[in-house]
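All remarks here apply to the structure that follows.
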Amino acid sequence: MVTEILDFGGLSRLCEGLKQRDRDDIAASFGLRDNSGAGHCAALASWMTLL
């Protein structure tokens with residue numbers, strides 16, 4: 001799989017191309033949720049950039 005050879009910067013760019021709902025679902029699966037309990041994709045993008 002391509003995701004096995006990408007660094008976090010590449011994964012971040014790949015994630016940017018996803019629909020908002022998909023990014024939120026991925027963020028929620030990592031426990032990154034906003035105040036309403038929905039996935040917080042901005043936090044996920046920031047987390048991947050910092051790693």
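Ligands are numbered from 1 in the order shown, chains are lettered A, B, ... in the order of the structure tokens, and residues start at 1 in each chain.
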
DSSP-assigned alpha helix (DSSP H) members of chain A, reported as an MDAnalysis selection string: chainID A and resid 8:16 20:29 41:50

Neighbour list for Ala28 in chain A as a ChimeraX atom specification, cut-off 12 Å, only C-alpha atoms, skip fewer than 6 positions in-chain: /A:21-22,34-44

Between CA of Gly31 in chain A and CA of Leu50 in chain A - distance in Å to one decimal: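 CA of Leu50 in chain A sits 17.0 Å away from CA of Gly31 in chain A.
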
Exercise: Asp7 in chain A partners within 10 Å, only C-alpha atoms, chain neighbours under 3 positions left out, as an MDAnalysis selection string: chainID A and resid 3:4 10:12 48:49 51

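In terms of minimum interatomic distance to Phe8 in chain A, A:Ser46 ranks closest within A:Ser46, A:Gln20, A:Phe30, A:Asp25, counting only C-alpha atoms.
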